[in-house]
>>> print(open('coords_7.cif').read())   # mmCIF, C-alpha atoms
data_my_file
#
loop_
_atom_site.label_atom_id
_atom_site.label_comp_id
_atom_site.auth_asym_id
_atom_site.auth_seq_id
_atom_site.Cartn_x
_atom_site.Cartn_y
_atom_site.Cartn_z
CA MET P 208 -36.61 85.59 241.07
CA THR P 209 -38.77 82.52 240.63
CA ALA P 210 -39.48 82.66 244.32
CA ILE P 211 -40.96 86.12 243.96
CA VAL P 212 -42.89 85.79 240.73
CA ASN P 213 -44.65 82.53 241.51
CA ASP P 214 -47.36 82.26 244.13
CA ALA P 215 -45.86 79.06 245.57
CA PRO P 216 -44.14 79.33 248.97
CA VAL P 217 -40.56 80.47 248.70
CA THR P 218 -37.58 79.42 250.72
CA GLY P 219 -34.90 81.58 252.17
CA GLN P 220 -32.38 80.00 249.84
CA GLU P 221 -34.51 80.89 246.78
CA LEU P 222 -34.81 84.44 247.97
CA ALA P 223 -31.08 84.86 248.14
CA PRO P 224 -29.09 81.80 247.01
CA HIS P 225 -25.80 83.38 247.98
CA GLU P 226 -26.91 84.22 251.55
CA PRO P 227 -28.70 81.49 253.58
CA ARG P 228 -31.42 82.79 255.86
CA PRO P 229 -32.13 81.70 259.44
CA ARG P 230 -34.93 79.17 259.67
CA ALA P 231 -36.69 81.50 262.07
CA ASP P 232 -37.23 83.90 259.15
CA LEU P 233 -39.02 81.20 257.21
CA ARG P 234 -41.59 80.74 259.94
CA SER P 235 -42.15 84.38 260.79
CA ALA P 236 -45.08 86.43 259.58
CA SER P 237 -42.62 89.19 258.84
CA PHE P 238 -40.84 86.99 256.30
CA TRP P 239 -44.00 86.25 254.31
CA THR P 240 -45.07 89.87 254.47
CA ALA P 241 -41.66 90.87 253.18
CA THR P 242 -41.97 88.32 250.39
CA GLN P 243 -45.32 89.79 249.36
CA ALA P 244 -43.89 93.29 249.56
CA PHE P 245 -41.01 92.27 247.31
CA ARG P 246 -43.44 90.90 244.72
CA GLN P 247 -45.25 94.23 244.81
CA TYR P 248 -41.93 96.03 244.51
CA CYS P 249 -41.05 94.00 241.41
CA ALA P 250 -44.47 94.71 239.90
CA LEU P 251 -43.92 98.47 239.99
CA PRO P 252 -43.09 100.11 236.64
CA ASP P 253 -39.36 100.40 236.07
CA ASP P 254 -39.42 104.19 236.09
CA GLU P 255 -41.45 104.28 239.33
CA ARG P 256 -39.84 101.46 241.29
CA SER P 257 -38.54 102.70 244.62
CA TYR P 258 -38.88 101.87 248.30
CA ALA P 259 -40.71 105.15 248.85
CA GLU P 260 -43.23 104.38 246.10
CA LEU P 261 -43.80 100.90 247.51
CA SER P 262 -44.47 102.40 250.93
CA ARG P 263 -46.84 104.98 249.52
CA ARG P 264 -48.88 102.54 247.44
CA HIS P 265 -49.17 99.71 249.98
CA ASN P 266 -48.96 101.59 253.27
CA TYR P 267 -45.76 99.96 254.46
CA PRO P 268 -43.68 101.94 256.96
CA PRO P 269 -40.63 103.27 255.09
CA THR P 270 -38.25 102.02 257.78
CA THR P 271 -39.77 98.54 257.58
CA VAL P 272 -39.38 98.46 253.81
CA LYS P 273 -35.75 99.50 254.15
CA THR P 274 -35.17 96.78 256.75
CA TRP P 275 -36.73 94.13 254.50
CA ALA P 276 -34.70 95.31 251.52
CA GLU P 277 -31.45 95.03 253.44
CA ARG P 278 -32.27 91.78 255.23
CA TYR P 279 -33.47 89.92 252.14
CA ASP P 280 -31.17 91.61 249.62
CA TRP P 281 -33.87 92.99 247.35
CA SER P 282 -31.38 94.67 245.05
CA GLY P 283 -29.55 91.36 244.56
CA GLN P 284 -32.78 89.50 243.91
CA LEU P 285 -33.94 92.13 241.45
CA ALA P 286 -30.62 91.81 239.60
CA VAL P 287 -31.11 88.03 239.39
CA ILE P 288 -34.60 88.53 237.96
CA ALA P 289 -33.32 91.01 235.37
CA GLU P 290 -30.51 88.63 234.38
CA ARG P 291 -32.89 85.70 233.98
CA GLU P 292 -35.30 87.78 231.94
CA GLN P 293 -32.49 88.97 229.70
CA LYS P 294 -31.28 85.41 229.20
CA ALA P 295 -34.83 84.33 228.34
CA ILE P 296 -35.09 87.15 225.79
CA GLU P 297 -31.74 86.25 224.24
CA THR P 298 -32.69 82.58 224.16
CA GLY P 299 -35.98 83.41 222.46
CA ARG P 300 -34.29 85.71 219.96
CA LEU P 301 -31.68 83.07 219.17
CA GLN P 302 -34.39 80.48 218.70
CA VAL P 303 -36.27 82.72 216.27
CA LEU P 304 -33.09 83.47 214.33
CA THR P 305 -32.24 79.79 214.19
CA GLU P 306 -35.72 78.85 213.01
CA ASN P 307 -35.67 81.59 210.36
CA ALA P 308 -32.23 80.56 209.16
CA THR P 309 -33.30 76.93 208.98
CA ARG P 310 -36.43 77.82 207.07
CA ALA P 311 -34.51 80.09 204.71
CA ALA P 312 -31.99 77.34 204.03
CA GLN P 313 -34.79 74.91 203.26
CA VAL P 314 -36.50 77.36 200.90
CA MET P 315 -33.28 78.32 199.11
CA SER P 316 -32.31 74.69 198.62
CA SER P 317 -35.58 73.47 197.15
CA GLY P 318 -38.23 74.23 194.55
CA VAL P 319 -37.93 77.20 192.24
CA ALA P 320 -34.89 78.47 194.14
CA LEU P 321 -32.87 75.78 192.37
CA PRO P 322 -31.67 76.76 188.86
CA TRP P 323 -32.18 73.28 187.40
CA TYR P 324 -35.74 73.17 188.73
CA ARG P 325 -36.55 76.56 187.19
CA VAL P 326 -35.23 75.29 183.87
CA GLU P 327 -37.36 72.15 184.25
CA VAL P 328 -40.51 74.20 184.93
CA LEU P 329 -39.86 76.66 182.11
CA GLY P 330 -39.00 73.81 179.78
CA GLY P 331 -42.21 71.98 180.67
CA VAL P 332 -44.35 75.01 179.81
CA ALA P 333 -42.38 75.60 176.62
CA GLU P 334 -42.88 71.98 175.57
CA GLN P 335 -46.64 72.35 175.96
CA ILE P 336 -46.66 75.43 173.72
CA ILE P 337 -44.45 73.69 171.16
CA ALA P 338 -46.73 70.65 171.15
CA ARG P 339 -49.77 72.86 170.55
CA LEU P 340 -48.10 74.77 167.74
CA ARG P 341 -47.07 71.50 166.12
CA ARG P 342 -50.60 70.18 166.40
CA ASP P 343 -52.50 73.30 165.36
CA GLY P 344 -49.83 75.05 163.33
CA VAL P 345 -48.27 78.46 163.83
CA TYR P 346 -51.14 80.04 161.87
CA GLU P 347 -54.70 80.22 163.10
CA ARG P 348 -57.30 79.57 160.41
CA ARG P 349 -60.30 81.86 160.51
CA GLU P 350 -63.36 81.78 158.24
CA ARG P 351 -65.47 84.86 157.65
CA THR P 352 -68.74 85.01 155.73
CA SER P 353 -69.92 88.53 156.53
CA GLY P 354 -69.62 90.81 153.51
CA VAL P 355 -68.75 87.90 151.23
CA ALA P 356 -70.85 86.68 148.32
CA ARG P 357 -73.32 83.94 149.18
CA GLY P 358 -71.81 80.51 149.05
CA ALA P 359 -68.29 81.81 149.36
CA ASP P 360 -66.20 81.83 152.51
CA MET P 361 -63.19 83.99 153.15
CA VAL P 362 -60.40 82.17 154.95
CA THR P 363 -57.65 84.09 156.67
CA LEU P 364 -54.53 82.78 158.34
CA THR P 365 -53.35 84.67 161.41
CA LEU P 366 -50.03 84.06 163.06
CA ARG P 367 -50.39 82.92 166.65
CA HIS P 368 -48.41 85.88 167.99
CA LYS P 369 -49.30 85.37 171.65
CA GLU P 370 -48.16 81.75 171.79
CA ILE P 371 -45.00 82.46 169.81
CA GLU P 372 -44.03 85.47 171.92
CA THR P 373 -44.66 83.49 175.10
CA LEU P 374 -42.51 80.65 173.77
CA ARG P 375 -39.70 83.03 172.85
CA ALA P 376 -39.79 84.58 176.34
CA LEU P 377 -39.67 81.12 177.95
CA LEU P 378 -36.75 80.05 175.80
CA ASP P 379 -34.95 83.29 176.62
CA ASP P 380 -35.47 82.64 180.35
CA VAL P 381 -34.15 79.10 179.95
CA ALA P 382 -31.10 80.46 178.13
CA ALA P 383 -30.55 82.95 180.95
CA GLU P 384 -30.78 80.20 183.60
CA THR P 385 -28.29 78.04 181.74
CA GLY P 386 -25.91 80.92 181.00
CA GLN P 387 -26.43 80.70 177.26
CA ARG P 388 -28.03 84.08 176.66
CA ILE P 389 -25.90 86.25 174.41
CA ARG P 390 -24.76 89.17 176.49
CA ASN P 391 -21.90 90.74 174.54
CA VAL P 392 -24.01 92.34 171.84
CA ARG P 393 -22.69 95.71 170.75
CA MET P 394 -25.49 98.27 170.51
CA LEU P 395 -25.25 100.92 167.82
CA SER P 396 -25.12 104.49 168.98
CA GLU P 397 -28.01 106.73 167.95
CA GLN P 398 -25.83 108.49 165.38
CA GLU P 399 -24.66 105.18 163.89
CA ALA P 400 -28.25 104.02 163.70
CA ARG P 401 -29.27 107.25 161.93
CA ASP P 402 -26.42 106.95 159.43
CA LEU P 403 -27.28 103.33 158.69
CA ALA P 404 -30.99 104.13 158.29
CA ALA P 405 -30.18 107.08 156.00
CA LYS P 406 -28.08 104.84 153.77
CA ARG P 407 -31.12 102.60 153.42
CA GLY P 408 -33.26 105.50 152.28
CA LEU P 409 -35.34 106.14 155.38
CA SER P 410 -36.63 109.65 155.99
CA ASN P 411 -35.84 111.54 159.19
CA ASP P 412 -39.40 110.96 160.46
CA GLN P 413 -39.10 107.23 159.82
CA ILE P 414 -35.73 107.15 161.57
CA ASP P 415 -37.17 108.99 164.60
CA ARG P 416 -40.06 106.51 164.84
CA VAL P 417 -37.70 103.54 164.65
CA LEU P 418 -35.40 104.95 167.33
CA GLU P 419 -38.35 105.75 169.59
CA SER P 420 -39.62 102.20 169.20
CA ILE P 421 -36.18 100.87 170.14
CA ARG P 422 -36.05 103.10 173.22
CA GLN P 423 -39.45 101.85 174.41
CA GLN P 424 -38.37 98.22 174.04
CA ALA P 425 -35.04 98.73 175.84
#
>>> encode(input="coords_7.cif", output="structure tokens")
Amino acid sequence: MTAIVNDAPVTGQELAPHEPRPRADLRSASFWTATQAFRQYCALPDDERSYAELSRRHNYPPTTVKTWAERYDWSGQLAVIAEREQKAIETGRLQVLTENATRAAQVMSSGVALPWYRVEVLGGVAEQIIARLRRDGVYERRERTSGVARGADMVTLTLRHKEIETLRALLDDVAAETGQRIRNVRMLSEQEARDLAAKRGLSNDQIDRVLESIRQQA
């Protein structure tokens, strides 16, 4: 259908490769008019494409349109166009799928998609926290003078909870990545937990609060 879609002159062979046309057709005004009519026919919406609609829109005699269609095998040419378009669509779809698959393979085989690299990143962050805790200590020293007798300072030591909890989470993630996290831990049933807490002298209210805390952390 290249002959029809493009504006360049077409040849009889391009119009119907399987059926050579007489050279007289190539020189006749009727041939070029038929070629233009076929382009207009192809441009009609799929659900409106018909010889009658072509005649109505462009004032071609219906018998002439029918003669052109038979002589130049419009139905065969239209089928060739449809086949080429379908092949182009399939080629484009295959190209997109190939590009996506290639990109996905690249992503999944590099960077944080690699277990060892995730461990390296997590370990690097953990090392920084460890170095800071070793330098500054696990307790944060705070001095407060408000409400204290003149000349005396109150010093308090506060555990660096945020850094320690972050470090524990990082180490847990590293253990998970390396398959070293303990998974086969047997959890006590609620009744077993109540019995154990009762043996240790906890009241029912205290037991309920402990169990609720455990549920929220699960």
>>> closest_residue(input="coords_7.cif", among="P:Pro269, P:Gly344, P:Gly386, P:Gly331", to="P:Glu370", atoms="only C-alpha atoms")
P:Gly344
>>> atom_distance(input="coords_7.cif", atom1="atom CA of P:Ala250", atom2="atom CA of P:His265")
12.2 Å
>>> closest_residue(input="coords_7.cif", among="P:Leu285, P:Val314, P:Thr298, P:Ser257", to="P:Val272", atoms="all atoms listed in the file")
P:Ser257
>>> resolve_selection(input="coords_7.cif", expression="the PyMOL selection byres ((chain P and resi 365) around 6)", output="PyMOL selection string")
chain P and resi 346-347+364+366
>>> resolve_selection(input="coords_7.cif", expression="the PyMOL selection byres ((chain P and resi 384) around 12)", output="list in words")
Val319, Ala320, Leu321, Pro322, Trp323, Tyr324, Arg325, Val326, Glu327, Val328, Leu329, Gly330, Leu377, Leu378, Asp379, Asp380, Val381, Ala382, Ala383, Thr385, Gly386, Gln387 and Arg388 of chain P
>>> atom_distance(input="coords_7.cif", atom1="atom CA of P:Arg310", atom2="atom CA of P:Lys294")
24.0 Å
